[in-house]
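These notes concern the structure reproduced below.
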Amino acid sequence: MSIHTHYHERTLVLCKPDTIQRGLVGEIISRFEKKGLKIVALKMVMPTRKQAMDHYHWSDEEKEASGSRTIEARKSKGLPITKTAKEYAEDVQRRLYTYLTSGPIVAMVIEGAHAIEHVRKVVGHGNPLSADVGTIRADYTIDSYVVADDVDRATRNLVHASGNVGEAEREIKVWFSENEIVDYDLAIEKILYSKEWEDEVNKPNSKD
């Protein structure tokens, strides 16, 4: 049985179609592995329209938040505001459905202490132009919201990562059944989480 702490979480990561086409899957997986996170499920999928819609299913509150971000981004660039926040959000959803179904993806479930927050930090800001250097989106793409909006497409930002516990639980069910998620011990977990490792390292030599 794997070592778990009270803070252990599972999160969903999708390597989007542009990641596959650019041959970056291995690079991206290695970022999470080097962090000490554990992959407990992984597969390649050709997404259906239904899966894309289920994955990007937003409540009215989520639509309002997404659309408000779009409006703020347009204001900052001096662009006109011609739609409501909800209408902008639905435009984003439509683009995301098309983006996600444009080719195969790699879906994975990642587990670890504070996994959701750690994965989001490794991935970086949704707008690659605003992502910190060292994150996946900053290091591997030069796209931006403004460039994508100009041609009415989704921003090609390589990776999706769940934003919170509720979102992770819902999204994982879109792509994986429970029997596809594997519980196993990772060699480094003892070093990462267990006090027993320190006790063993510092145990007095029985010959002393």
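Starting from 1 in every chain, residues are counted up; chains themselves are A, B, ... following the order of the structure tokens, and ligands are numbered from 1 as listed.
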Contacts of segment 16-24 of chain A at 6 Å or less, counting only C-alpha atoms, minus same-chain residues fewer than 2 places along, as JSON, numbers by chain? {"A": [14, 26, 27, 103, 104, 105, 158, 159]}
Report as a PyMOL selection string all protein, DNA and RNA residues lying within 10 Å of Lys121 of chain A, evaluated on only C-alpha atoms, omitting residues in the same chain fewer than 6 positions from it. chain A and resi 115+131-132+134-136+161
With C-alpha atoms retained, write the just-selected residues as a short mmCIF file (atom, residue, chain, number, x, y, z; two decimals), in the first residue's frame.
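Below is the file that was written, result.cif:
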```cif
data_model
loop_
_atom_site.label_atom_id
_atom_site.label_comp_id
_atom_site.auth_asym_id
_atom_site.auth_seq_id
_atom_site.Cartn_x
_atom_site.Cartn_y
_atom_site.Cartn_z
CA ALA A 115 -0.63 17.42 -6.09
CA ALA A 131 3.56 32.09 -17.47
CA ASP A 132 6.73 32.18 -15.36
CA GLY A 134 10.66 27.48 -15.96
CA THR A 135 7.06 26.33 -16.32
CA ILE A 136 5.89 24.08 -19.14
CA ALA A 161 -4.34 20.52 -15.18
#
```
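Near Ala89 of chain A, within 10 Å and counting only C-alpha atoms, sit Trp58, Asp60, Glu62, Lys63, Glu64, Ala65, Ser66, Gly67, Ser68, Arg69, Thr70, Ile71, Lys83, Thr84, Ala85, Lys86, Glu87, Asp91, Val92, Gln93, Arg94 and Arg95 of chain A, not including residues fewer than 2 positions from it in the same chain.
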May I have the selected residues written with N, CA and C atoms, as an mmCIF file, in the first residue's frame?
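Result written to selection_27.cif:
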```cif
data_model
loop_
_atom_site.group_PDB
_atom_site.id
_atom_site.type_symbol
_atom_site.label_atom_id
_atom_site.label_comp_id
_atom_site.auth_asym_id
_atom_site.auth_seq_id
_atom_site.Cartn_x
_atom_site.Cartn_y
_atom_site.Cartn_z
ATOM 1 N N TRP A 58 -18.894 23.696 -17.579
ATOM 2 C CA TRP A 58 -18.764 24.787 -16.614
ATOM 3 C C TRP A 58 -20.119 25.194 -16.062
ATOM 4 N N ASP A 60 -22.626 28.103 -14.306
ATOM 5 C CA ASP A 60 -22.817 29.516 -14.650
ATOM 6 C C ASP A 60 -21.760 30.389 -13.970
ATOM 7 N N GLU A 62 -18.704 29.460 -13.154
ATOM 8 C CA GLU A 62 -17.427 29.252 -13.850
ATOM 9 C C GLU A 62 -17.401 29.995 -15.186
ATOM 10 N N LYS A 63 -18.536 30.012 -15.867
ATOM 11 C CA LYS A 63 -18.617 30.762 -17.123
ATOM 12 C C LYS A 63 -18.408 32.252 -16.870
ATOM 13 N N GLU A 64 -19.026 32.747 -15.818
ATOM 14 C CA GLU A 64 -18.893 34.169 -15.487
ATOM 15 C C GLU A 64 -17.429 34.508 -15.194
ATOM 16 N N ALA A 65 -16.752 33.615 -14.466
ATOM 17 C CA ALA A 65 -15.347 33.854 -14.116
ATOM 18 C C ALA A 65 -14.462 33.810 -15.357
ATOM 19 N N SER A 66 -14.696 32.817 -16.222
ATOM 20 C CA SER A 66 -13.899 32.703 -17.451
ATOM 21 C C SER A 66 -14.124 33.904 -18.355
ATOM 22 N N GLY A 67 -15.394 34.273 -18.538
ATOM 23 C CA GLY A 67 -15.706 35.414 -19.393
ATOM 24 C C GLY A 67 -15.164 36.717 -18.850
ATOM 25 N N SER A 68 -15.164 36.853 -17.539
ATOM 26 C CA SER A 68 -14.625 38.074 -16.914
ATOM 27 C C SER A 68 -13.131 38.183 -17.162
ATOM 28 N N ARG A 69 -12.428 37.040 -17.144
ATOM 29 C CA ARG A 69 -10.995 37.059 -17.439
ATOM 30 C C ARG A 69 -10.747 37.495 -18.881
ATOM 31 N N THR A 70 -11.605 37.029 -19.782
ATOM 32 C CA THR A 70 -11.475 37.426 -21.183
ATOM 33 C C THR A 70 -11.698 38.921 -21.333
ATOM 34 N N ILE A 71 -12.709 39.433 -20.658
ATOM 35 C CA ILE A 71 -13.015 40.865 -20.729
ATOM 36 C C ILE A 71 -11.846 41.686 -20.188
ATOM 37 N N LYS A 83 -19.398 41.570 -26.051
ATOM 38 C CA LYS A 83 -20.237 40.471 -25.571
ATOM 39 C C LYS A 83 -20.273 40.464 -24.053
ATOM 40 N N THR A 84 -21.228 39.700 -23.515
ATOM 41 C CA THR A 84 -21.280 39.513 -22.068
ATOM 42 C C THR A 84 -20.215 38.502 -21.656
ATOM 43 N N ALA A 85 -19.945 38.431 -20.362
ATOM 44 C CA ALA A 85 -18.961 37.471 -19.846
ATOM 45 C C ALA A 85 -19.372 36.045 -20.211
ATOM 46 N N LYS A 86 -20.648 35.724 -20.087
ATOM 47 C CA LYS A 86 -21.121 34.373 -20.406
ATOM 48 C C LYS A 86 -20.919 34.052 -21.886
ATOM 49 N N GLU A 87 -21.188 35.019 -22.745
ATOM 50 C CA GLU A 87 -21.010 34.801 -24.190
ATOM 51 C C GLU A 87 -19.537 34.581 -24.542
ATOM 52 N N ASP A 91 -17.822 31.125 -26.088
ATOM 53 C CA ASP A 91 -16.883 31.136 -27.222
ATOM 54 C C ASP A 91 -15.632 30.335 -26.887
ATOM 55 N N VAL A 92 -15.134 30.538 -25.667
ATOM 56 C CA VAL A 92 -13.941 29.800 -25.220
ATOM 57 C C VAL A 92 -14.224 28.305 -25.191
ATOM 58 N N GLN A 93 -15.385 27.924 -24.648
ATOM 59 C CA GLN A 93 -15.750 26.506 -24.609
ATOM 60 C C GLN A 93 -15.766 25.892 -26.002
ATOM 61 N N ARG A 94 -16.387 26.581 -26.937
ATOM 62 C CA ARG A 94 -16.472 26.069 -28.312
ATOM 63 C C ARG A 94 -15.078 25.836 -28.890
ATOM 64 N N ARG A 95 -14.193 26.784 -28.663
ATOM 65 C CA ARG A 95 -12.826 26.642 -29.167
ATOM 66 C C ARG A 95 -12.107 25.471 -28.493
#
```
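Put simply, atom CA of Glu9 of chain A is 23.0 Å away from atom CA of Gln51 of chain A.
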DSSP on the backbone: which residues in segment 28-170 of chain A end up as strand (DSSP E)? Give the answer as an NGL selection string. :A and (38-45 or 105-113 or 159-161)
Residues as selected, C-alpha atoms, written as a CSV table (one decimal), in the first residue's frame, can you do that?
```
chain,number,residue,atom,x,y,z
A,38,LYS,CA,3.5,9.9,-9.0
A,39,ILE,CA,1.6,8.8,-12.1
A,40,VAL,CA,-1.1,6.4,-11.1
A,41,ALA,CA,-2.9,6.2,-14.5
A,42,LEU,CA,-1.9,7.0,-18.0
A,43,LYS,CA,-3.3,6.4,-21.5
A,44,MET,CA,-3.5,7.8,-25.1
A,45,VAL,CA,-7.1,8.7,-26.1
A,105,ILE,CA,-4.1,13.3,-26.3
A,106,VAL,CA,-2.3,11.6,-23.4
A,107,ALA,CA,-4.4,11.6,-20.2
A,108,MET,CA,-2.9,10.9,-16.8
A,109,VAL,CA,-3.8,10.9,-13.1
A,110,ILE,CA,-1.0,12.3,-10.9
A,111,GLU,CA,-0.9,11.7,-7.2
A,112,GLY,CA,1.1,13.3,-4.3
A,113,ALA,CA,1.1,15.7,-1.4
A,159,VAL,CA,-1.4,20.9,-21.1
A,160,HIS,CA,-4.5,20.9,-19.0
A,161,ALA,CA,-4.3,20.5,-15.2
```
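The gap separating atom CA of Lys35 of chain A from atom CA of Leu96 of chain A is 28.2 Å, in Å to one decimal.
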Helix (DSSP H, G or I) call set, DSSP backbone run, segment 34-116 of chain A, as a PDB file with N, CA and C atoms, in the first residue's frame:
```
ATOM      1  N   LYS A  34      10.246  14.333 -11.939  1.00  0.00           N
ATOM      2  CA  LYS A  34      11.380  14.944 -11.240  1.00  0.00           C
ATOM      3  C   LYS A  34      10.927  15.721 -10.003  1.00  0.00           C
ATOM      4  N   LYS A  35       9.698  16.204 -10.033  1.00  0.00           N
ATOM      5  CA  LYS A  35       9.142  16.927  -8.885  1.00  0.00           C
ATOM      6  C   LYS A  35       8.890  15.982  -7.709  1.00  0.00           C
ATOM      7  N   ARG A  49     -16.357  14.207 -29.024  1.00  0.00           N
ATOM      8  CA  ARG A  49     -16.972  15.505 -28.737  1.00  0.00           C
ATOM      9  C   ARG A  49     -17.624  15.481 -27.351  1.00  0.00           C
ATOM     10  N   LYS A  50     -18.266  14.352 -27.008  1.00  0.00           N
ATOM     11  CA  LYS A  50     -18.918  14.238 -25.697  1.00  0.00           C
ATOM     12  C   LYS A  50     -17.899  14.332 -24.567  1.00  0.00           C
ATOM     13  N   GLN A  51     -16.770  13.659 -24.710  1.00  0.00           N
ATOM     14  CA  GLN A  51     -15.740  13.746 -23.681  1.00  0.00           C
ATOM     15  C   GLN A  51     -15.242  15.182 -23.520  1.00  0.00           C
ATOM     16  N   ALA A  52     -15.035  15.859 -24.638  1.00  0.00           N
ATOM     17  CA  ALA A  52     -14.583  17.251 -24.580  1.00  0.00           C
ATOM     18  C   ALA A  52     -15.612  18.124 -23.869  1.00  0.00           C
ATOM     19  N   MET A  53     -16.889  17.924 -24.179  1.00  0.00           N
ATOM     20  CA  MET A  53     -17.948  18.722 -23.553  1.00  0.00           C
ATOM     21  C   MET A  53     -18.084  18.392 -22.072  1.00  0.00           C
ATOM     22  N   ASP A  54     -17.950  17.104 -21.726  1.00  0.00           N
ATOM     23  CA  ASP A  54     -18.015  16.714 -20.309  1.00  0.00           C
ATOM     24  C   ASP A  54     -16.816  17.277 -19.547  1.00  0.00           C
ATOM     25  N   HIS A  55     -15.663  17.265 -20.186  1.00  0.00           N
ATOM     26  CA  HIS A  55     -14.455  17.760 -19.535  1.00  0.00           C
ATOM     27  C   HIS A  55     -14.549  19.260 -19.270  1.00  0.00           C
ATOM     28  N   ASP A  60     -22.626  28.103 -14.306  1.00  0.00           N
ATOM     29  CA  ASP A  60     -22.817  29.516 -14.650  1.00  0.00           C
ATOM     30  C   ASP A  60     -21.760  30.389 -13.970  1.00  0.00           C
ATOM     31  N   GLU A  61     -21.407  30.026 -12.732  1.00  0.00           N
ATOM     32  CA  GLU A  61     -20.389  30.795 -12.003  1.00  0.00           C
ATOM     33  C   GLU A  61     -19.031  30.675 -12.697  1.00  0.00           C
ATOM     34  N   GLU A  62     -18.704  29.460 -13.154  1.00  0.00           N
ATOM     35  CA  GLU A  62     -17.427  29.252 -13.850  1.00  0.00           C
ATOM     36  C   GLU A  62     -17.401  29.995 -15.186  1.00  0.00           C
ATOM     37  N   LYS A  63     -18.536  30.012 -15.867  1.00  0.00           N
ATOM     38  CA  LYS A  63     -18.617  30.762 -17.123  1.00  0.00           C
ATOM     39  C   LYS A  63     -18.408  32.252 -16.870  1.00  0.00           C
ATOM     40  N   GLU A  64     -19.026  32.747 -15.818  1.00  0.00           N
ATOM     41  CA  GLU A  64     -18.893  34.169 -15.487  1.00  0.00           C
ATOM     42  C   GLU A  64     -17.429  34.508 -15.194  1.00  0.00           C
ATOM     43  N   ALA A  65     -16.752  33.615 -14.466  1.00  0.00           N
ATOM     44  CA  ALA A  65     -15.347  33.854 -14.116  1.00  0.00           C
ATOM     45  C   ALA A  65     -14.462  33.810 -15.357  1.00  0.00           C
ATOM     46  N   SER A  66     -14.696  32.817 -16.222  1.00  0.00           N
ATOM     47  CA  SER A  66     -13.899  32.703 -17.451  1.00  0.00           C
ATOM     48  C   SER A  66     -14.124  33.904 -18.355  1.00  0.00           C
ATOM     49  N   GLY A  67     -15.394  34.273 -18.538  1.00  0.00           N
ATOM     50  CA  GLY A  67     -15.706  35.414 -19.393  1.00  0.00           C
ATOM     51  C   GLY A  67     -15.164  36.717 -18.850  1.00  0.00           C
ATOM     52  N   SER A  68     -15.164  36.853 -17.539  1.00  0.00           N
ATOM     53  CA  SER A  68     -14.625  38.074 -16.914  1.00  0.00           C
ATOM     54  C   SER A  68     -13.131  38.183 -17.162  1.00  0.00           C
ATOM     55  N   ARG A  69     -12.428  37.040 -17.144  1.00  0.00           N
ATOM     56  CA  ARG A  69     -10.995  37.059 -17.439  1.00  0.00           C
ATOM     57  C   ARG A  69     -10.747  37.495 -18.881  1.00  0.00           C
ATOM     58  N   THR A  70     -11.605  37.029 -19.782  1.00  0.00           N
ATOM     59  CA  THR A  70     -11.475  37.426 -21.183  1.00  0.00           C
ATOM     60  C   THR A  70     -11.698  38.921 -21.333  1.00  0.00           C
ATOM     61  N   ILE A  71     -12.709  39.433 -20.658  1.00  0.00           N
ATOM     62  CA  ILE A  71     -13.015  40.865 -20.729  1.00  0.00           C
ATOM     63  C   ILE A  71     -11.846  41.686 -20.188  1.00  0.00           C
ATOM     64  N   GLU A  72     -11.282  41.274 -19.057  1.00  0.00           N
ATOM     65  CA  GLU A  72     -10.143  42.001 -18.484  1.00  0.00           C
ATOM     66  C   GLU A  72      -8.945  41.973 -19.426  1.00  0.00           C
ATOM     67  N   ALA A  73      -8.722  40.824 -20.061  1.00  0.00           N
ATOM     68  CA  ALA A  73      -7.603  40.702 -21.005  1.00  0.00           C
ATOM     69  C   ALA A  73      -7.805  41.625 -22.197  1.00  0.00           C
ATOM     70  N   ARG A  74      -9.052  41.715 -22.686  1.00  0.00           N
ATOM     71  CA  ARG A  74      -9.343  42.589 -23.828  1.00  0.00           C
ATOM     72  C   ARG A  74      -9.187  44.055 -23.432  1.00  0.00           C
ATOM     73  N   LYS A  75      -9.634  44.395 -22.238  1.00  0.00           N
ATOM     74  CA  LYS A  75      -9.483  45.774 -21.761  1.00  0.00           C
ATOM     75  C   LYS A  75      -8.012  46.164 -21.680  1.00  0.00           C
ATOM     76  N   SER A  76      -7.193  45.236 -21.166  1.00  0.00           N
ATOM     77  CA  SER A  76      -5.766  45.541 -20.994  1.00  0.00           C
ATOM     78  C   SER A  76      -5.062  45.764 -22.328  1.00  0.00           C
ATOM     79  N   ALA A  85     -19.945  38.431 -20.362  1.00  0.00           N
ATOM     80  CA  ALA A  85     -18.961  37.471 -19.846  1.00  0.00           C
ATOM     81  C   ALA A  85     -19.372  36.045 -20.211  1.00  0.00           C
ATOM     82  N   LYS A  86     -20.648  35.724 -20.087  1.00  0.00           N
ATOM     83  CA  LYS A  86     -21.121  34.373 -20.406  1.00  0.00           C
ATOM     84  C   LYS A  86     -20.919  34.052 -21.886  1.00  0.00           C
ATOM     85  N   GLU A  87     -21.188  35.019 -22.745  1.00  0.00           N
ATOM     86  CA  GLU A  87     -21.010  34.801 -24.190  1.00  0.00           C
ATOM     87  C   GLU A  87     -19.537  34.581 -24.542  1.00  0.00           C
ATOM     88  N   TYR A  88     -18.661  35.350 -23.907  1.00  0.00           N
ATOM     89  CA  TYR A  88     -17.227  35.139 -24.141  1.00  0.00           C
ATOM     90  C   TYR A  88     -16.810  33.756 -23.658  1.00  0.00           C
ATOM     91  N   ALA A  89     -17.346  33.328 -22.501  1.00  0.00           N
ATOM     92  CA  ALA A  89     -17.010  32.007 -21.959  1.00  0.00           C
ATOM     93  C   ALA A  89     -17.474  30.901 -22.896  1.00  0.00           C
ATOM     94  N   GLU A  90     -18.663  31.056 -23.465  1.00  0.00           N
ATOM     95  CA  GLU A  90     -19.171  30.031 -24.383  1.00  0.00           C
ATOM     96  C   GLU A  90     -18.356  29.986 -25.670  1.00  0.00           C
ATOM     97  N   ASP A  91     -17.822  31.125 -26.088  1.00  0.00           N
ATOM     98  CA  ASP A  91     -16.883  31.136 -27.222  1.00  0.00           C
ATOM     99  C   ASP A  91     -15.632  30.335 -26.887  1.00  0.00           C
ATOM    100  N   VAL A  92     -15.134  30.538 -25.667  1.00  0.00           N
ATOM    101  CA  VAL A  92     -13.941  29.800 -25.220  1.00  0.00           C
ATOM    102  C   VAL A  92     -14.224  28.305 -25.191  1.00  0.00           C
ATOM    103  N   GLN A  93     -15.385  27.924 -24.648  1.00  0.00           N
ATOM    104  CA  GLN A  93     -15.750  26.506 -24.609  1.00  0.00           C
ATOM    105  C   GLN A  93     -15.766  25.892 -26.002  1.00  0.00           C
ATOM    106  N   ARG A  94     -16.387  26.581 -26.937  1.00  0.00           N
ATOM    107  CA  ARG A  94     -16.472  26.069 -28.312  1.00  0.00           C
ATOM    108  C   ARG A  94     -15.078  25.836 -28.890  1.00  0.00           C
ATOM    109  N   ARG A  95     -14.193  26.784 -28.663  1.00  0.00           N
ATOM    110  CA  ARG A  95     -12.826  26.642 -29.167  1.00  0.00           C
ATOM    111  C   ARG A  95     -12.107  25.471 -28.493  1.00  0.00           C
ATOM    112  N   LEU A  96     -12.351  25.307 -27.188  1.00  0.00           N
ATOM    113  CA  LEU A  96     -11.699  24.225 -26.445  1.00  0.00           C
ATOM    114  C   LEU A  96     -12.170  22.857 -26.911  1.00  0.00           C
ATOM    115  N   TYR A  97     -13.475  22.734 -27.227  1.00  0.00           N
ATOM    116  CA  TYR A  97     -13.982  21.457 -27.751  1.00  0.00           C
ATOM    117  C   TYR A  97     -13.256  21.098 -29.049  1.00  0.00           C
ATOM    118  N   THR A  98     -13.129  22.086 -29.930  1.00  0.00           N
ATOM    119  CA  THR A  98     -12.474  21.851 -31.223  1.00  0.00           C
ATOM    120  C   THR A  98     -11.002  21.494 -31.028  1.00  0.00           C
ATOM    121  N   TYR A  99     -10.347  22.220 -30.155  1.00  0.00           N
ATOM    122  CA  TYR A  99      -8.924  21.995 -29.858  1.00  0.00           C
ATOM    123  C   TYR A  99      -8.684  20.582 -29.327  1.00  0.00           C
ATOM    124  N   LEU A 100      -9.483  20.181 -28.332  1.00  0.00           N
ATOM    125  CA  LEU A 100      -9.250  18.903 -27.666  1.00  0.00           C
ATOM    126  C   LEU A 100      -9.537  17.710 -28.565  1.00  0.00           C
ATOM    127  N   ALA A 115      -0.863  17.687  -4.655  1.00  0.00           N
ATOM    128  CA  ALA A 115      -0.628  17.415  -6.085  1.00  0.00           C
ATOM    129  C   ALA A 115      -1.240  18.474  -6.987  1.00  0.00           C
ATOM    130  N   ILE A 116      -2.431  18.942  -6.676  1.00  0.00           N
ATOM    131  CA  ILE A 116      -3.112  19.907  -7.552  1.00  0.00           C
ATOM    132  C   ILE A 116      -2.303  21.196  -7.655  1.00  0.00           C
TER     133      ILE A 116
END
```
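The smallest atom-to-atom distance between Thr141 of chain A and any of A:Leu129, A:Val165, A:Val182, A:Leu12, using only C-alpha atoms, is found for A:Leu129.
The spacing separating atom CA of Glu33 of chain A from atom CA of His8 of chain A amounts to 15.8 Å.
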